[in-house]
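Q: Next up is a structure, given as structure tokens.
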Amino acid sequence: MKFSAAVPDLCELMAGTEVQIAKSVTAGMRDVTDGLKQDLRADVVRAGLGQRLANTWRGQTFPKTGESVEAAAYLSTNAPKLI
């Protein structure tokens, strides 16, 4: 009696995994950045400082286009002396 088994190539199985991870990390970072920006804006409005000052919060996610497993974000305000 002979048995034969085909062992799948691990490289082939993992080929699309890094792309999916990069997409997930970048999308997650964009969601977190937008959520934090909205929270900061809401805090400014609740403090009675007005919507106009709240809208000075800005968020940037890197990379700006495409996906990366090392995605990053930066939040800042255009009114650093007031906030």
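Please note that chains go A, B, ... in the order of the structure tokens, that every chain numbers its residues from 1, and that ligands are numbered from 1 in the order shown.
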Check the DSSP output for the backbone and give back, as a list in words, the residues of chain A in strand (DSSP E or B).
A: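 So, restricting chain A to strand (DSSP E or B), we get Trp57, Arg58, Gly59, Gln60, Thr61, Phe62, Ala72, Ala73, Tyr74, Leu75, Ser76 and Thr77 of chain A.
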Q: Restricting it to N, CA, C and O atoms, dump the selection as a CSV table (one decimal), in the first residue's frame.
A:
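Final output, selection_33.csv:
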chain,number,residue,atom,x,y,z
A,57,TRP,N,-8.6,71.2,14.9
A,57,TRP,CA,-7.9,69.9,15.0
A,57,TRP,C,-7.8,69.3,13.7
A,57,TRP,O,-8.8,69.2,12.9
A,58,ARG,N,-6.6,68.8,13.4
A,58,ARG,CA,-6.3,68.2,12.1
A,58,ARG,C,-5.7,66.8,12.3
A,58,ARG,O,-4.9,66.7,13.3
A,59,GLY,N,-5.9,65.9,11.4
A,59,GLY,CA,-5.3,64.6,11.5
A,59,GLY,C,-4.7,64.2,10.2
A,59,GLY,O,-5.3,64.4,9.2
A,60,GLN,N,-3.5,63.6,10.3
A,60,GLN,CA,-2.9,63.0,9.1
A,60,GLN,C,-2.5,61.6,9.3
A,60,GLN,O,-2.1,61.2,10.4
A,61,THR,N,-2.7,60.8,8.3
A,61,THR,CA,-2.4,59.4,8.4
A,61,THR,C,-1.3,59.1,7.3
A,61,THR,O,-1.4,59.6,6.2
A,62,PHE,N,-0.3,58.4,7.7
A,62,PHE,CA,0.8,58.0,6.8
A,62,PHE,C,0.9,56.5,6.6
A,62,PHE,O,0.8,55.8,7.6
A,72,ALA,N,1.1,55.2,10.4
A,72,ALA,CA,1.3,56.1,11.5
A,72,ALA,C,0.3,57.2,11.3
A,72,ALA,O,-0.3,57.5,10.2
A,73,ALA,N,0.1,58.0,12.4
A,73,ALA,CA,-0.9,59.1,12.4
A,73,ALA,C,-0.3,60.2,13.2
A,73,ALA,O,0.5,60.0,14.1
A,74,TYR,N,-0.8,61.4,12.9
A,74,TYR,CA,-0.3,62.6,13.5
A,74,TYR,C,-1.5,63.6,13.7
A,74,TYR,O,-2.2,63.8,12.7
A,75,LEU,N,-1.8,64.0,14.9
A,75,LEU,CA,-2.9,65.0,15.2
A,75,LEU,C,-2.3,66.3,15.6
A,75,LEU,O,-1.3,66.3,16.4
A,76,SER,N,-2.8,67.4,15.1
A,76,SER,CA,-2.3,68.7,15.5
A,76,SER,C,-3.5,69.7,15.5
A,76,SER,O,-4.6,69.4,15.1
A,77,THR,N,-3.2,70.9,16.0
A,77,THR,CA,-4.2,71.9,16.0
A,77,THR,C,-3.6,73.1,15.3
A,77,THR,O,-2.4,73.4,15.4
Q: DSSP on the backbone, alpha helix (DSSP H) only: what residues of chain A does that give? Format it as a ChimeraX atom specification.
A: /A:10-14,17-46,51-54
Q: Using only C-alpha atoms, pick whichever of A:Gln38, A:Thr33, A:Asn78, A:Thr26 has the shortest atom-to-atom distance to Thr65 in chain A.
A: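 Distance minimum relative to Thr65 in chain A lands on A:Thr26.
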Q: Applying 12 Å and only C-alpha atoms, which residues near Ala79 in chain A remain after dropping the ones on its own chain fewer than 5 positions away? List them as a PyMOL selection string.
A: chain A and resi 44+52-58
Q: Contacts of range 20-24 of chain A at 9 Å or less, counting only C-alpha atoms, minus same-chain residues fewer than 4 places along, as an MDAnalysis selection string?
A: chainID A and resid 16 28:29 66:71
Q: Would you put the residues from that selection into a file with N, CA and C atoms, as a CSV table (one decimal), in the first residue's frame?
A:
chain,number,residue,atom,x,y,z
A,16,GLY,N,-0.7,36.4,0.1
A,16,GLY,CA,-1.6,37.5,0.2
A,16,GLY,C,-1.8,38.0,1.6
A,28,GLY,N,-7.3,50.6,10.1
A,28,GLY,CA,-7.4,50.8,11.5
A,28,GLY,C,-6.9,52.2,12.0
A,29,MET,N,-5.7,52.5,11.5
A,29,MET,CA,-5.1,53.8,11.9
A,29,MET,C,-5.9,55.0,11.4
A,66,GLY,N,-2.1,54.4,-0.4
A,66,GLY,CA,-1.6,53.0,-0.3
A,66,GLY,C,-1.8,52.5,1.1
A,67,GLU,N,-1.2,51.3,1.3
A,67,GLU,CA,-1.3,50.7,2.7
A,67,GLU,C,0.1,50.3,3.1
A,68,SER,N,0.3,50.2,4.5
A,68,SER,CA,1.6,49.8,5.0
A,68,SER,C,1.3,49.1,6.4
A,69,VAL,N,2.2,48.2,6.7
A,69,VAL,CA,2.1,47.5,8.0
A,69,VAL,C,2.6,48.4,9.1
A,70,GLU,N,3.3,49.5,8.7
A,70,GLU,CA,3.9,50.5,9.6
A,70,GLU,C,3.2,51.8,9.5
A,71,ALA,N,1.8,51.8,9.4
A,71,ALA,CA,1.1,53.0,9.2
A,71,ALA,C,1.2,53.9,10.5
Q: Record the distance separating CA of Ala15 in chain A and CA of Phe3 in chain A, expressed in Å with one decimal.
A: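 CA of Phe3 in chain A lies at a distance of 28.6 Å from CA of Ala15 in chain A.
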Q: Could you tell me how far CA of Pro80 in chain A lies from CA of Asp34 in chain A, in Å and to one decimal?
A: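 Between CA of Pro80 in chain A and CA of Asp34 in chain A the gap works out to 19.1 Å.
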Q: Would you compute the distance between CA of Leu82 in chain A and CA of Leu36 in chain A? Give it in Å to one decimal.
A: 18.8 Å
